[in-house]
Amino acid sequence: MKFLKLTFAIATLAILGTACKKEAVQPDNKLALQNTTAALAVGDTEAGVVTNSSTSPTSWTAVGYDLLNNVVASSGNQVNFDSNFNGNITIAGTNSLGYYDSPSVTNVTGITLTDVSSVTLGAISTLGSNSTTVVGWYNYDRVNRTITPVAQRYAVVGNGSTIAGSTRLYVVQLDGVTTSGTYNTTVNFHTKRLK
């Protein structure tokens with residue numbers, strides 16, 4: 001009988017010990033996903049921003065931008081924002097740049113792959129200040145030092161030398177370039193991924 005009571009007591013302790021065992025806390029995967037950068041999906045449009053400061057009107061440093069991940073980046077970037085108040089968009093790496101003038105679409109969200117199918121990539125390396133001799137994507141007022149985007153002109157960035165040959169293709173609309181202080185600047189733009 002003592003043996004039976006002892007066996008019963010040990011079995012009861014084993015069951016209680018197992019029931020009270022704390023499980024390791026598992027991280028909430030939803031929280032982990034909130035802290036990752038999601039790549040821009042085909043058909044999506046995202047706002048982007050670049051800020052920079054300069055010590056003089058002629059020494060703006062280039063700021064690299066990864067259009068796929070919609071972040072400032074020093075590597076893996078398809079473009080750089082440089083020169084006048086960082087308002088120029090310049091191709092980076094092996095990517096190609098072109099531009100598209102829409103006859104009617106006033107917002108990059110409305111641009112389609114069909115719209116840009118005849119754009120020549122690689123003929124230019126920078127879209128900057130617009131003039132009578134240079135195609136740019138902004139007008140620069142030298143008196144007031146203001147930059148105004150050229151209406152319905154879009155930068156087209158591809159990872160190939162042609163629209164058809166690119167496996168990743170983006171259209172970028174300059175929304176504005178603003179300054180604060182003497183040489184502090186903010187460049188706002190929207191990017192739509194077409195491929």
# chains A, B, ... in the order shown; residues from 1 in each chain; ligands from 1
$ select_by_dssp --residues "chain A" --states "strand (DSSP E or B)" --output "count of residues only"
69
$ residues_around --residues "Thr162 of chain A" --least-positions-apart "5" --cutoff "10 Å" --atoms "only C-alpha atoms" --output "list in words"
Ser96, Leu97, Gly98, Ser117, Ser118, Val119, Thr120, Leu121, Gly122, Val157, Thr167 and Leu169 of chain A
$ atom_distance --atom1 "atom CA of Asp115 of chain A" --atom2 "atom CA of Val63 of chain A"
28.7 Å
$ residues_around --residues "segment 41-48 of chain A" --least-positions-apart "3" --cutoff "9 Å" --atoms "only C-alpha atoms" --output "list in words"
Ala38, Leu67, Leu68, Asn70, Val71, Val72, Val108, Thr109, Thr112, Arg168, Leu169, Val187, Asn188, Phe189, His190, Thr191, Lys192, Arg193, Leu194 and Lys195 of chain A
$ write_last_selection --atoms "N, CA and C atoms" --output "PDB file, in the first residue's frame"
ATOM      1  N   ALA A  38       9.204  47.016 -47.048  1.00  0.00           N
ATOM      2  CA  ALA A  38       8.573  46.250 -48.127  1.00  0.00           C
ATOM      3  C   ALA A  38       8.940  46.879 -49.458  1.00  0.00           C
ATOM      4  N   LEU A  67      14.744  53.281 -55.292  1.00  0.00           N
ATOM      5  CA  LEU A  67      13.332  53.412 -55.661  1.00  0.00           C
ATOM      6  C   LEU A  67      12.526  52.162 -55.319  1.00  0.00           C
ATOM      7  N   LEU A  68      13.150  50.985 -55.408  1.00  0.00           N
ATOM      8  CA  LEU A  68      12.446  49.740 -55.119  1.00  0.00           C
ATOM      9  C   LEU A  68      11.994  49.687 -53.664  1.00  0.00           C
ATOM     10  N   ASN A  70      12.121  52.393 -51.614  1.00  0.00           N
ATOM     11  CA  ASN A  70      11.666  53.733 -51.241  1.00  0.00           C
ATOM     12  C   ASN A  70      12.420  54.292 -50.032  1.00  0.00           C
ATOM     13  N   VAL A  71      13.775  54.209 -50.104  1.00  0.00           N
ATOM     14  CA  VAL A  71      14.608  54.691 -49.013  1.00  0.00           C
ATOM     15  C   VAL A  71      15.876  55.352 -49.554  1.00  0.00           C
ATOM     16  N   VAL A  72      16.423  56.273 -48.769  1.00  0.00           N
ATOM     17  CA  VAL A  72      17.744  56.820 -49.046  1.00  0.00           C
ATOM     18  C   VAL A  72      18.734  55.675 -48.867  1.00  0.00           C
ATOM     19  N   VAL A 108       1.466  60.970 -61.354  1.00  0.00           N
ATOM     20  CA  VAL A 108       2.203  59.759 -61.700  1.00  0.00           C
ATOM     21  C   VAL A 108       1.379  58.487 -61.510  1.00  0.00           C
ATOM     22  N   THR A 109       0.385  58.513 -60.638  1.00  0.00           N
ATOM     23  CA  THR A 109      -0.433  57.315 -60.420  1.00  0.00           C
ATOM     24  C   THR A 109      -1.174  56.905 -61.691  1.00  0.00           C
ATOM     25  N   THR A 112       0.931  54.666 -67.221  1.00  0.00           N
ATOM     26  CA  THR A 112       0.930  53.221 -67.446  1.00  0.00           C
ATOM     27  C   THR A 112       2.156  52.809 -68.260  1.00  0.00           C
ATOM     28  N   ARG A 168      12.804  45.896 -64.219  1.00  0.00           N
ATOM     29  CA  ARG A 168      12.284  46.827 -63.214  1.00  0.00           C
ATOM     30  C   ARG A 168      12.219  48.195 -63.863  1.00  0.00           C
ATOM     31  N   LEU A 169      11.050  48.822 -63.742  1.00  0.00           N
ATOM     32  CA  LEU A 169      10.837  50.115 -64.398  1.00  0.00           C
ATOM     33  C   LEU A 169      10.034  51.016 -63.473  1.00  0.00           C
ATOM     34  N   VAL A 187      13.473  67.594 -50.937  1.00  0.00           N
ATOM     35  CA  VAL A 187      12.979  67.216 -52.264  1.00  0.00           C
ATOM     36  C   VAL A 187      11.860  66.202 -52.058  1.00  0.00           C
ATOM     37  N   ASN A 188      10.676  66.515 -52.545  1.00  0.00           N
ATOM     38  CA  ASN A 188       9.523  65.613 -52.455  1.00  0.00           C
ATOM     39  C   ASN A 188       9.175  65.088 -53.837  1.00  0.00           C
ATOM     40  N   PHE A 189       8.870  63.799 -53.904  1.00  0.00           N
ATOM     41  CA  PHE A 189       8.550  63.176 -55.181  1.00  0.00           C
ATOM     42  C   PHE A 189       7.669  61.953 -54.942  1.00  0.00           C
ATOM     43  N   HIS A 190       7.104  61.431 -56.008  1.00  0.00           N
ATOM     44  CA  HIS A 190       6.321  60.184 -55.964  1.00  0.00           C
ATOM     45  C   HIS A 190       6.899  59.228 -57.008  1.00  0.00           C
ATOM     46  N   THR A 191       6.967  57.962 -56.651  1.00  0.00           N
ATOM     47  CA  THR A 191       7.474  56.930 -57.547  1.00  0.00           C
ATOM     48  C   THR A 191       6.399  55.885 -57.789  1.00  0.00           C
ATOM     49  N   LYS A 192       6.201  55.526 -59.042  1.00  0.00           N
ATOM     50  CA  LYS A 192       5.307  54.424 -59.392  1.00  0.00           C
ATOM     51  C   LYS A 192       6.141  53.343 -60.087  1.00  0.00           C
ATOM     52  N   ARG A 193       5.945  52.104 -59.649  1.00  0.00           N
ATOM     53  CA  ARG A 193       6.649  50.992 -60.293  1.00  0.00           C
ATOM     54  C   ARG A 193       5.763  50.407 -61.382  1.00  0.00           C
ATOM     55  N   LEU A 194       6.301  50.353 -62.606  1.00  0.00           N
ATOM     56  CA  LEU A 194       5.565  49.806 -63.754  1.00  0.00           C
ATOM     57  C   LEU A 194       5.923  48.361 -64.064  1.00  0.00           C
ATOM     58  N   LYS A 195       7.111  47.940 -63.695  1.00  0.00           N
ATOM     59  CA  LYS A 195       7.557  46.551 -63.885  1.00  0.00           C
ATOM     60  C   LYS A 195       8.289  46.095 -62.641  1.00  0.00           C
TER      61      LYS A 195
END
$ closest_residue --among "A:Thr51, A:Asn95, A:Asn84, A:Thr61" --to "Ser161 of chain A" --atoms "only C-alpha atoms"
A:Asn95
$ closest_residue --among "A:Thr55, A:Thr90, A:Trp137, A:Tyr170" --to "Ile124 of chain A" --atoms "only C-alpha atoms"
A:Thr90
$ atom_distance --atom1 "atom CA of Asp66 of chain A" --atom2 "atom CA of Ser129 of chain A"
22.2 Å
$ atom_distance --atom1 "atom CA of Gln152 of chain A" --atom2 "atom CA of Gly165 of chain A"
24.7 Å
$ closest_residue --among "A:Gly64, A:Gly93, A:Gly87, A:Gly160" --to "Ile147 of chain A" --atoms "only C-alpha atoms"
A:Gly87
$ residues_around --residues "Asn107 of chain A" --least-positions-apart "3" --cutoff "8 Å" --atoms "only C-alpha atoms" --output "MDAnalysis selection string"
chainID A and resid 110:111 152 173
